[in-house]
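Working notes, structure below.
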Amino acid sequence: MASVFTFPHEPPRVSSPWRSGQDAGKRPSSERCVSTGAIADAEQTSDSEVERLEAEPQDGPIEYKLHLLLRPRRTYKEMSTALSSTTCRVNRKQSVPLASSNHSRQNRLHHLTTQLLWRLKQSSPDHATARGDLVIPKLPEDNAELAILQEPGQLLPGLEESNGALYEIGVADDGTFVGLTKEEMDESMMTLKVMAASLGCRVEVQRMKAVGTCDWLEDPDKPHSQLHHEDLWVAEALIVPILDVQSKAIPDDDDNPAVNGAPRRGASTTEQLRVSLIGPTTSGKTTLLGTLANGTLDDGRGRSRSYLLRHRHEVASGRTSSIAQELIGYEGQNIFNYTCMDIKAWPDIHDRAQDGRLVFLLDTAGHPRYQRTTLRALVGWAPHWTLLCIAASEENTIPTSTHSMTGADGVLGISIAEMDLAMAHLDLCLKLEIPLAILITKIEKAQRAVLKEKLNYILTKVKATGRIPKLLTGSGPLKAEFSEVPEQDQVKVQTEVIDVIAHAGTPLAVVPIVLTSAITGTGIGLTHALLGSLPVPPTPTAQDFVPLALNPEQPVALFHIDEVFELARSRAQSTLDQASSESAPVVTGYLRFGRLSIGDKVVIGPFPGDDEDAGALIPNDHPSPGYGLSIPHPSSAEYARLSARNALSASKIEGEWRNASIVNIRELRLPVQSIEAGQAGSIQVVFDEFDEGSSDSEELIEKQSNLAPRIRKGQVLAMPSRHMIETGLTLQASTGFKASFVASEIQSLTIGSLVNAYIGMVRAAVRVIGITRQRSQFDPRRVASEDNDDIFNMSDHFELQRTKSEADLDIYNTEYHVTLELLSNREWIELGSRVVLLEGGIKDKSGGLDGFVGKVIEVAE
């Protein structure tokens, strides 16, 4: 299955039928060119030589209209274009008087606008569904007042990627030119502009051509009425979405969601829950996700799993190696997945679950060699909840090899027990303090003794951290296809999980445990009930980790980049700037905080500076004295003193942050105007052009090659704050950082050793520069729900339950500050963010997941 962020390589384009009509409507060769008698090429043929168009296509973004009048058309005494019987029939049909009431005019406008909307969607990728109510303006009694309705309104959500629609006015369905008088053409154009304005589009007249003449009587009922003689015209009009939203060079305070949390129109307001599925490679994660997303039970041979696999080698081996995504909608007890007949794609799920919630599930690889995908799902994507899958069947072993992604330390022949690897996943989740639910899969294959032993082991570990395990039993197996959560399962989840969490005030209080089977349907109803009811954390803000006063360089909005694609730009998007490129990069990930809209000016980076050596960040084997000193954040009291020693700030490196404009946004495949804090999606950007002050062609070519730098995973897209713009500051890229850890095992790291660090979407090799021990400022015996608690004290609490000496208590009251240096690229690191350090190689039975979890307390330039 394609990724959630996959786009078509060639979106539909709008092509004028006048080009193809040149062949259908050419005159005999002797009349094609009077001066030379030669046959003109298609490119040289002018509009005057086109006598008719090809017949109107049933599908596509092209519409033929005899007229768009909201009144009856007058009867003509003679029309030079009414030569064929077909055309005459059309004219007679159009001459039938329309009802004169305003109600009929309103109905006709609604019909015409709906037809225009359908044509606009025909030029969207995958015929994207437009969301939102279609608002048709109320027509005034007088046609002269229609002009006030031509002011474009808000673009209807779903039309952001439309390439537009072409209207051929005065043309019959078979392509014959019939024509309108000048007065009728003006009225038709006004109607078209009113239609387009109600959808947030504009009208551009592409061509007009006189095709004949007509005679009509001013008052046909009078015997000596005045005869009028006029030309007949046809016109081609292009209707395109208006995307050039006025963006602010300096964001207002109202743009900060901490000040104004109301979402802009055009943004998805549906509640979104982000969930990661983790577990060993044989735990049945992908099969279970396929059953949940497709609403059908597995056949025991991997049918459910096959819907989600993204690569051919995954299908062949049955082993997931990448992160696959799926979307499920909930509203009450209703489940919106591919079981519903009217759901064909994710935008349909958005529409059905608009008043409920969306659950975005990320499936991960379980094999140790794909360890990085597990860390991406747990750390990079910052899930709201994690579902740990553990197979109930007999214990299996998972072989590793020297090809392990954790490094070359894996020894050929080592085997890791599945349960050991599952416990390594569980330990990591408990260290990260992510809200957790455990799914015992393959219950149909379970042996009572093995299942009992596994449950005892799991319950012991969960209880040791102070959390309450809740073993839930469902209402029984479900039928082959199901679209509703059973009432009994819904009530059980509400009383035993949701109410307990609400009473405790934290989602970390309870760990639900569900016995499931993708073949019999056991526990599937309970799993749906959990996904539809689990609490969603509050909207994230820039002050979640540290106050704004301690972090003045915090942007207004921050988007973490996970993947990068290249996508052709639509016709409407190409009008936003003067860039000549027909394609633009698309970055995918999630919005950490803030709000981003189409047209916003943003920065992307960090990139290597213009004068920076590619290997400048790789340290020497023998660093100079003072090399381990970590430059603290500018909010530190020592900033002024230290900045005197380091005159060159990271914010001054030319080319490190590139300016760009947002031209397109999708929130989980749904085209939207804006994306809100905490939402996952994709953003298409266009880099700003450099000032071409030199006429040297070679220099211009060099600048053009640097115009669109290569975006990589782990970078960020951000909107600078007013404070940053007014003071000339930019985001601060780091060459290293200092992290705080409370686990005494961190002392096992040696100075100069290399480890892998995971911070947000960043995965980087780092060198340990120094480790210092100091008395902790935090008391692990305090209530974990206090606002100023260290969020990484859960594992300490477990250890303190045992009997210890005063020396032992001193160890567990100690913080360890580790100074680390990035080895490859400068990275943007947020103060207070969570960091996971993993040593290379597969160690013991953990599969390389036995890491150290801490938080960033300083960043170094």
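Residue numbering restarts at 1 for every chain of the structure tokens, chains are lettered A, B, ... in their displayed order, and ligands are numbered from 1 as they appear.
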Query raised in the report: Hey, what's within 7 Å of Val171 (chain A) if we count only C-alpha atoms and toss same-chain stuff fewer than 5 positions away? As a count of residues only, please?
Result: 8
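What separates CA of Asp355 (chain A) from CA of Gly329 (chain A) is a distance of 9.9 Å.
For the pair CA of His384 (chain A) and CA of Glu566 (chain A), the separation is 29.2 Å.
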Query raised in the report: Using only C-alpha atoms, which residues sit within 6 Å of Gly589 (chain A) once same-chain residues fewer than 3 positions away are excluded, as a list of chain:residue names?
Result: A:His560, A:Ile561, A:Asp562, A:Ala680, A:Gly681
Query - Nearest to Cys429 (chain A), chosen from A:Thr520, A:Thr465, A:Asn456, A:Thr213, with only C-alpha atoms counted in the distances - result: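 Among the listed residues, A:Thr465 lies closest to Cys429 (chain A).
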Query - Among the residues A:Val768, A:Leu421, A:Val762, A:Val755, the one that comes closest to Leu849 (chain A) [using only C-alpha atoms] - result: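 That would be A:Leu421, the residue with the smallest distance to Leu849 (chain A).
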Report task. For Ala557 (chain A), please output as a list in words all residues within 7 Å (counting only C-alpha atoms; exclusion window: fewer than 3 positions along the same chain). Result ->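 Surrounding residues, per the criterion: Phe593, Gly594, Arg595, Leu596, Ala718 and Met719 of chain A.
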Query - Residues near Leu238 (chain A), cut-off 9 Å, only C-alpha atoms, skip fewer than 3 positions along chain, as a list in words - result: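 Residues near the query, excluding close chain neighbours: Gly164, Ala165, Leu166, Tyr167, Arg202, Val203, Glu204, Val205 and Gln206 of chain A.
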Requested in this report: Using only C-alpha atoms, determine which residues lie at most 9 Å from Gly605 (chain A), disregarding the query and same-chain residues fewer than 5 positions distant; provide the list as a count of residues only.
Outcome: 14
Write out as a short mmCIF file (atom, residue, chain, number, x, y, z; two decimals) with C-alpha atoms, in the first residue's frame each polymer residue whose atoms come within 12 Å of Met761 (chain A), counting only C-alpha atoms; drop sequence neighbours fewer than 4 positions from it.
data_model
loop_
_atom_site.label_atom_id
_atom_site.label_comp_id
_atom_site.auth_asym_id
_atom_site.auth_seq_id
_atom_site.Cartn_x
_atom_site.Cartn_y
_atom_site.Cartn_z
CA ARG A 372 15.35 2.87 13.70
CA THR A 373 11.74 2.65 12.46
CA LEU A 375 12.45 4.79 17.39
CA ARG A 376 10.99 7.02 14.66
CA ALA A 377 7.50 5.96 15.66
CA LEU A 378 8.12 6.33 19.41
CA VAL A 379 10.30 9.45 19.51
CA GLY A 380 10.05 11.18 16.14
CA TRP A 381 6.29 11.08 15.72
CA ALA A 382 5.58 11.80 19.42
CA PHE A 559 6.90 21.55 11.77
CA HIS A 560 9.11 18.44 12.15
CA ILE A 561 10.10 16.94 8.78
CA ASP A 562 10.03 13.16 8.43
CA GLU A 563 10.00 12.51 4.67
CA THR A 588 5.75 15.40 5.60
CA GLY A 589 5.60 15.15 9.37
CA TYR A 590 3.62 16.80 12.13
CA LEU A 591 3.15 20.32 13.45
CA ARG A 592 4.76 20.47 16.88
CA ARG A 712 16.57 16.00 4.51
CA LYS A 713 14.84 14.11 7.28
CA GLY A 714 15.20 15.71 10.70
CA GLN A 715 15.10 19.32 9.53
CA VAL A 716 12.36 21.70 10.60
CA ALA A 757 20.85 10.01 19.57
CA GLU A 827 20.56 20.29 13.92
CA TRP A 828 17.77 22.33 15.44
CA ILE A 829 17.15 20.96 18.94
CA GLU A 830 14.35 22.20 21.16
CA SER A 833 12.77 17.88 24.40
CA ARG A 834 13.18 14.17 25.08
CA VAL A 835 16.37 12.43 23.96
CA VAL A 836 17.11 8.71 23.64
#
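When only C-alpha atoms are used to compute distances to Pro540 (chain A), the closest of the residues A:Gln679, A:Gln774, A:Thr286, A:Gln325 turns out to be A:Gln679.
Shortest atom-to-atom contact with Val766 (chain A) among A:Leu729, A:Ala345, A:Leu823, A:Val275: A:Leu823, counting only C-alpha atoms.
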